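Input: a single structure, listed below in structure tokens.
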Amino acid sequence: MPDKIFQAFLESPVGVLKIEASKDKILSVLFADTKKKNGRQPPILKNCLKQLKEYFYQGRKKFALALEFNGTPWQKKVWQELSEIPFGKTSSYAELAEKLGGKKLARAVASACAQNKILFIVPCHRIIGSTGAPTGYRGGLKHKKWLLDFENSYKVIKS
């Protein structure tokens with residue numbers, strides 16, 4: 001874990017986001033109950049805020065940020081694969097499991113998705129059930145549905 005953790009808050013169309021970063025890497029992007037005043041922000045945190053705003057309001061479809069994954073080797077493998085799913089596209093737990101070693105790993109993929117702390121940037125919201133229905137999401141199912149609809153019928157939101 002880094003010595004110093006910086007944080008910032010962003011009011012987004014899906015609620016308040018809390019972003020945590022070290023001096024040079026993003027550690028987490030999670031939903032927060034309330035927005036707090038932003039303190040000192042290293043360049044990586046400012047850049048993350050900028051890119052998240054661009055995602056919601058200006059058409060950014062891919063993030064370019066240094067990330068620090070805190071998890072098991074398996075979780076990191078799943079999160080890396082999640083990062084390859086393009087904006088507006090989805091994959092199922094079974095499809096992702098197949099890429100990572102076999103359909104029997106679908107529950108392990110789901111478990112890794114549930115532990116993802118870098119929402120949006122590591123787009124676990126793009127993983128759906130094999131029936132095509134949105135299932136499970138750390139940020140809540142209503143947020144997952146909103147994000148999938150947002151990406152599928154992309155229109156620039158006026159801030």
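Just remember, in the structure tokens the first chain shown is A, the second B, etc., residues are 1-based per chain, and ligands are 1-based in the order shown.
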Test item, strand (DSSP E) assignment across chain A, answer as a PyMOL selection string: chain A and resi 6-12+15-21+26-31+91-92+127-128
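Once stretch 104-113 of chain A and its same-chain neighbours fewer than 3 positions away are set aside, Gln75, Tyr93, Ala94, Ala97, Asn116 and Cys124 of chain A remain within 6 Å of it when counting only C-alpha atoms.
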Contact residues around A:Val14 with only C-alpha atoms at 9 Å, ignoring same-chain residues under 4 positions, as a ChimeraX atom specification: /A:31,143,146-147
9 Å contact set for A:Glu151, only C-alpha atoms, chain neighbours under 4 positions out, as a PyMOL selection string: chain A and resi 61+87-89+146-147+155
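For the set A:Val122, A:Glu54, A:Arg60, A:Leu10, the residue with the smallest atom-to-atom gap to A:Lys77 is A:Val122, counting only C-alpha atoms.
Comparing the minimum interatomic distances between A:Tyr57 and each of A:Phe150, A:Ile85, A:Pro123, A:Gly102, counting only C-alpha atoms, we find that A:Phe150 sits nearest.
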Point-to-point distance in Å for atom CA of A:Gly136 and atom CA of A:Ile118: 15.7 Å
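Atom CA of A:Ala21 is found 7.4 Å from atom CA of A:Ile44.
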All alpha helix (DSSP H) residues (DSSP, backbone) inside stretch 30-143 of chain A, as a ChimeraX atom specification: /A:43-57,73-82,93-99,106-114,141-143
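With only C-alpha atoms as the atoms that count, the residue of A:Glu95, A:Glu11, A:Asp24, A:Asp3 with the shortest distance to A:Lys36 is A:Glu11.
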Which of A:Glu81, A:Cys48, A:Leu27, A:Arg40 sits closest to A:Glu68 [using only C-alpha atoms]: A:Leu27
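Note that atom CA of A:Gly15 and atom CA of A:Lys37 are 15.5 Å apart.
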Polymer residues at most 10 Å from A:Gln41, only C-alpha atoms, same-chain spacing of 2 or more positions, as a list in words: Ile5, Phe6, Gln7, Ala8, Glu20, Ala21, Ser22, Lys23, Asn38, Gly39, Pro43, Ile44, Leu45, Lys46 and Asn47 of chain A
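The residue that comes closest to A:Ala66, out of A:Pro13, A:Ile26, A:Leu148, A:Lys4 and on the basis of only C-alpha atoms, is A:Ile26.
Residues surrounding A:Phe63 within 9 Å are Cys48, Gln51, Leu52, Tyr55, Phe120, Ile121 and Val122 of chain A [only C-alpha atoms; sequence separation below 6 positions excluded].
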Write the residues of the preceding selection, restricted to N, CA, C and O atoms, as a PDB file, in the first residue's frame.
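result.pdb, freshly written:
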ATOM      1  N   CYS A  48      -7.434  11.743 -13.697  1.00  0.00           N
ATOM      2  CA  CYS A  48      -8.544  10.797 -13.550  1.00  0.00           C
ATOM      3  C   CYS A  48      -9.879  11.542 -13.521  1.00  0.00           C
ATOM      4  O   CYS A  48     -10.834  11.151 -14.191  1.00  0.00           O
ATOM      5  N   GLN A  51     -10.652  12.665 -17.021  1.00  0.00           N
ATOM      6  CA  GLN A  51     -11.082  11.581 -17.901  1.00  0.00           C
ATOM      7  C   GLN A  51     -12.477  11.060 -17.548  1.00  0.00           C
ATOM      8  O   GLN A  51     -13.258  10.711 -18.436  1.00  0.00           O
ATOM      9  N   LEU A  52     -12.802  11.012 -16.268  1.00  0.00           N
ATOM     10  CA  LEU A  52     -14.155  10.586 -15.875  1.00  0.00           C
ATOM     11  C   LEU A  52     -15.192  11.600 -16.371  1.00  0.00           C
ATOM     12  O   LEU A  52     -16.258  11.216 -16.862  1.00  0.00           O
ATOM     13  N   TYR A  55     -15.646  11.013 -19.960  1.00  0.00           N
ATOM     14  CA  TYR A  55     -16.450   9.796 -20.169  1.00  0.00           C
ATOM     15  C   TYR A  55     -17.941  10.132 -20.098  1.00  0.00           C
ATOM     16  O   TYR A  55     -18.715   9.742 -20.964  1.00  0.00           O
ATOM     17  N   PHE A 120     -15.812   1.799 -13.588  1.00  0.00           N
ATOM     18  CA  PHE A 120     -15.800   2.575 -14.828  1.00  0.00           C
ATOM     19  C   PHE A 120     -14.523   2.335 -15.627  1.00  0.00           C
ATOM     20  O   PHE A 120     -14.579   1.966 -16.782  1.00  0.00           O
ATOM     21  N   ILE A 121     -13.357   2.559 -15.003  1.00  0.00           N
ATOM     22  CA  ILE A 121     -12.073   2.419 -15.683  1.00  0.00           C
ATOM     23  C   ILE A 121     -11.780   0.951 -15.956  1.00  0.00           C
ATOM     24  O   ILE A 121     -11.310   0.589 -17.030  1.00  0.00           O
ATOM     25  N   VAL A 122     -12.061   0.106 -14.995  1.00  0.00           N
ATOM     26  CA  VAL A 122     -12.063  -1.351 -15.176  1.00  0.00           C
ATOM     27  C   VAL A 122     -13.546  -1.704 -15.238  1.00  0.00           C
ATOM     28  O   VAL A 122     -14.211  -1.839 -14.221  1.00  0.00           O
TER      29      VAL A 122
END
